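Chemist: Provided herewith is a single structure, encoded as structure tokens, for subsequent inquiry.
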Amino acid sequence: MKAVARDVRAPLDEALESEIRKLDVALARMWQVLAGVGIGFGLLVYFVWDLPQGVACSGICVVGLSWFTALRVWLRRPSAQIAILLNAMFEALLPSVFLLAIGLTQGAAYALGSYVSPMIFTAMIVAATARLRPNTTIIVGVFHGAAFAAIYFFYLRGQLSPVDAAKPLYSPQLQVTRALSFGLGGAVTFGVTHALRRAIGRAERNVRSHDLFGKYRLGERLGIGGMGAVHRALYCPEGGFERTVAVKLLHAHLAEQPDFIQAFRHEAELSARLVHPNIVQVLDFGRIDDAFFLAMEFVDGATLGTVMRSLVEGGRVAPIRSTAWVGHQMLAGLAYSHAGARDAQGSVLHVVHRDLCPANVLVSNNGEVKISDFGVAKALGDATFSETKTVVGHMGYMAPEQLCADPIDERCDLFAVGVILWEMLAARPLFRRSNEAQSIMALMNREIPPIASLRADIDPAWDVFFARALAERSDQRFSSAAEMSAALEVLCPSPLSGREETAQLVAWVTSRS
């Protein structure tokens, strides 16, 4: 277990060491500046005030400047453990050197009563603790404690006058206590610094335990729906490579209901068979502890709903070519789900989305269009009559047969495409109103203004297209996504030209957020 714990801590220790090394370089630069100031101050003290300690101060600072200049160069090398150890010894030496220098220039009594050496000792301890270097704290504490005792007993004690020697402040007992306190201070800060490193490690692992969902590191929440919340996530398996994905987590209260679990599993199984450039790819499905999840392809861009709202708020309308491009891409994805997707036996699934709306259409930064959220999709080949009569979908985009709970087929998705394209060109809702009752009335009353009457740059032929796409009876609509796409291409030839226009539109939308 200890070996495993060391393996877990190793990446964090490496990251900490890298950051601390940068801090060491910054501190070495600071010490260089201080040493330069000390040299100037020492010379000023000597030449202006004629005090001999100025020479000692300048001499020590020259040594310090030389050392920290060399240290900065050494620390930039890949392996700098020897430099770090030598720097710890140098930092441990500084308080004792100043103590000895003051004793030589000012006398033993002044040196033992001076605040300079303890202040430097405290600065070294604090700097080592701030850099999370426990070994440096113990070296500074123990070395300075031993050096202080040696300097006192072998030099300073003999330099004290009989009067000073008799004072309790300069007694051997007090100096031994001071020396032990230096060592004890180093030992205490060693424990504190070591505990800080371990606390940082535990905190980091605690954060990972909250953010890491199996092999997925969860990030910001992208949206929330009736079945679950979608998070941006990073797929980070043991192999080391990473990939940005979208992870849908089933709501906790639904995870306890077998019917919802089955619906969630159905979405995963069905969506996994829809492999097409215009459909968001499902990558993984599973359960971790009590949470069920669905991992999907991440589309970097915006939902079509966001794009349409931004156009309205910005007082703009969707370009015709961009609208045609979005329509072609949606229809290409639907053509595959309706007639191209197959089950394990090779039979056509005839997957109907049944909940197509702007919120379930994603537009990437490079203009790609992908249909998402087949959460209420049905494979008609496996559906019973009663199942196909269930009312599902976003109000304002449902076909009349969905609203009346009549049997449905692929043409209810084509109706939704017609509504979406009309709203893109008109920059206003078609059937959506402030409440469901008004939305239903608008759909049943067939309140469909001619699109050419709303925009002068639109060919009246678009009204013919929408009359068929939005026909009340499904047998009067386009019979397939392919047929609808062909009719759309007649209205706007070369739809590929709209991709760049769509990418620019998404860039404009994301710049506003």
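Residues in the structure tokens are named by chain (A, B, ... in the order shown) and by number from 1 within that chain; ligands are numbered from 1 in the order shown.
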Can you list, as a ChimeraX atom specification, every protein, DNA or RNA residue that comes within 9 Å of segment 501-503 of chain A when you count only C-alpha atoms, leaving out same-chain residues fewer than 3 positions away?

Modeler: /A:318-319,321-323,325-326,363-368,497-498,506-508

Chemist: Include C-alpha atoms and write out the residues we just selected as a compact mmCIF listing (two decimals), in the first residue's frame.

Modeler:
# COMPACT_ATOMS: atom_id res chain seq x y z
CA ALA A 318 -29.58 34.33 -40.84
CA PRO A 319 -27.98 34.49 -44.30
CA ARG A 321 -26.78 30.38 -47.85
CA SER A 322 -26.04 29.62 -44.21
CA THR A 323 -29.64 28.56 -43.62
CA TRP A 325 -26.22 24.77 -45.44
CA VAL A 326 -27.66 24.04 -41.98
CA VAL A 363 -22.96 23.99 -34.96
CA SER A 364 -19.18 23.81 -34.64
CA ASN A 365 -16.66 26.61 -34.99
CA ASN A 366 -15.77 25.41 -38.49
CA GLY A 367 -19.38 25.26 -39.66
CA GLU A 368 -20.15 21.57 -39.11
CA SER A 497 -20.56 27.86 -49.88
CA GLY A 498 -22.69 28.41 -46.79
CA VAL A 506 -20.75 30.93 -34.87
CA ALA A 507 -17.57 32.98 -34.30
CA TRP A 508 -19.70 36.11 -33.99

Chemist: Going by DSSP on the backbone, which residues of segment 226-380 of chain A come out as strand (DSSP E or B)? List them as a compact mmCIF listing (two decimals) with C-alpha atoms, in the first residue's frame.

Modeler:
# COMPACT_ATOMS: atom_id res chain seq x y z
CA GLY A 228 -29.66 14.54 -17.24
CA ALA A 229 -27.00 17.22 -17.18
CA VAL A 230 -24.29 17.45 -19.83
CA HIS A 231 -20.74 18.32 -18.78
CA ARG A 232 -17.65 19.12 -20.74
CA ALA A 233 -15.15 16.44 -19.72
CA LEU A 234 -11.66 15.19 -20.39
CA TYR A 235 -11.25 11.53 -21.23
CA ARG A 243 -9.61 13.77 -25.45
CA THR A 244 -12.31 16.33 -24.81
CA VAL A 245 -15.77 14.75 -24.70
CA ALA A 246 -19.26 15.57 -23.48
CA VAL A 247 -20.62 13.45 -20.62
CA LYS A 248 -24.34 13.26 -19.86
CA LEU A 249 -25.09 12.24 -16.25
CA LEU A 250 -28.54 10.86 -15.53
CA ILE A 279 -24.87 13.11 -35.85
CA VAL A 282 -21.89 8.30 -28.73
CA LEU A 283 -18.60 6.92 -27.41
CA ASP A 284 -19.36 5.20 -24.14
CA PHE A 285 -22.14 4.23 -21.77
CA GLY A 286 -21.95 2.82 -18.28
CA ARG A 287 -22.44 3.10 -14.59
CA ILE A 288 -19.99 4.30 -11.95
CA ALA A 291 -24.49 7.25 -11.44
CA PHE A 292 -25.25 6.36 -15.05
CA PHE A 293 -23.47 8.25 -17.80
CA LEU A 294 -23.30 8.66 -21.55
CA ALA A 295 -20.05 9.89 -23.13
CA MET A 296 -20.42 11.67 -26.46
CA GLU A 297 -18.39 13.50 -29.05
CA GLY A 301 -19.23 25.71 -31.00
CA ALA A 302 -22.82 26.56 -30.08
CA THR A 303 -26.30 25.14 -30.33
CA ARG A 342 -28.71 -0.73 -39.21
CA VAL A 348 -32.56 -0.90 -41.36
CA VAL A 351 -34.65 5.80 -36.41
CA VAL A 352 -36.94 8.81 -35.98
CA VAL A 361 -28.66 20.87 -33.26
CA LEU A 362 -25.01 21.74 -32.67
CA VAL A 363 -22.96 23.99 -34.96
CA SER A 364 -19.18 23.81 -34.64
CA VAL A 369 -23.74 20.77 -38.16
CA LYS A 370 -24.56 17.78 -35.95
CA ILE A 371 -27.85 16.48 -34.55
CA LYS A 378 -37.67 5.35 -31.72
CA ALA A 379 -36.67 2.58 -34.07

Chemist: Just want the 8 Å neighbourhood of Ile139 of chain A, counted on only C-alpha atoms, with same-chain residues fewer than 5 positions away dropped. Output as a list in words.

Modeler: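 The contact residues come out as Ala88, Met89, Ala92 and Gly186 of chain A.
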
Chemist: Neighbours of Arg29 of chain A within 10 Å (only C-alpha atoms; same-chain residues fewer than 3 positions away dropped), as a compact mmCIF listing (two decimals) with C-alpha atoms, in the first residue's frame?

Modeler:
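Heads up, here's the output in out.txt:
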# COMPACT_ATOMS: atom_id res chain seq x y z
CA LEU A 23 10.34 30.03 -7.00
CA ASP A 24 13.97 29.23 -6.08
CA VAL A 25 15.13 31.04 -9.20
CA ALA A 26 12.94 34.05 -8.36
CA GLN A 32 21.04 39.12 -5.80
CA VAL A 33 19.30 42.48 -5.63
CA LEU A 34 19.47 42.57 -1.82
CA ALA A 35 23.14 41.60 -1.88
CA LEU A 65 25.97 38.06 -4.68
CA PHE A 68 23.18 33.58 -5.80
CA THR A 69 24.38 34.50 -9.29
CA LEU A 71 22.80 29.46 -8.08
CA ARG A 72 20.44 31.01 -10.65

Chemist: Could you pull out all residues of segment 288-341 of chain A with a DSSP call of alpha helix (DSSP H) and give them as a ChimeraX atom specification?

Modeler: /A:304-313,320-339

Chemist: Can you list, as a list in words, every protein, DNA or RNA residue that comes within 10 Å of Ile102 of chain A when you count only C-alpha atoms, leaving out same-chain residues fewer than 6 positions away?

Modeler: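 These residues fall inside the cut-off: Gln53, Ala56, Cys57, Ser96, Ala108, Ala109, Tyr110, Ala111, Leu112, Ser114, Val116 and Ser117 of chain A.
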
Chemist: Using only C-alpha atoms, determine which residues lie at most 8 Å from Phe431 of chain A, disregarding the query and same-chain residues fewer than 5 positions distant; provide the list as a list in words.

Modeler: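 Those residues are Gly396, Tyr397, Ser439, Ile440, Ala442, Leu443 and Glu447 of chain A.
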
Chemist: Excluding same-chain residues fewer than 2 positions from Leu184 of chain A, what lies within 9 Å of it counting only C-alpha atoms, as a list in words?

Modeler: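 Final neighbour list, sorted by chain and number: Ile138, Gly141, Val142, Gly145, Ala179, Leu180, Ser181, Phe182, Gly186, Ala187, Val188 and Thr189 of chain A.
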
Chemist: Just checking: using only C-alpha atoms, which residue out of A:Asn360, A:Asn135, A:Gln257, A:Ser485 ends up closest to Gly223 of chain A?

Modeler: A:Asn360
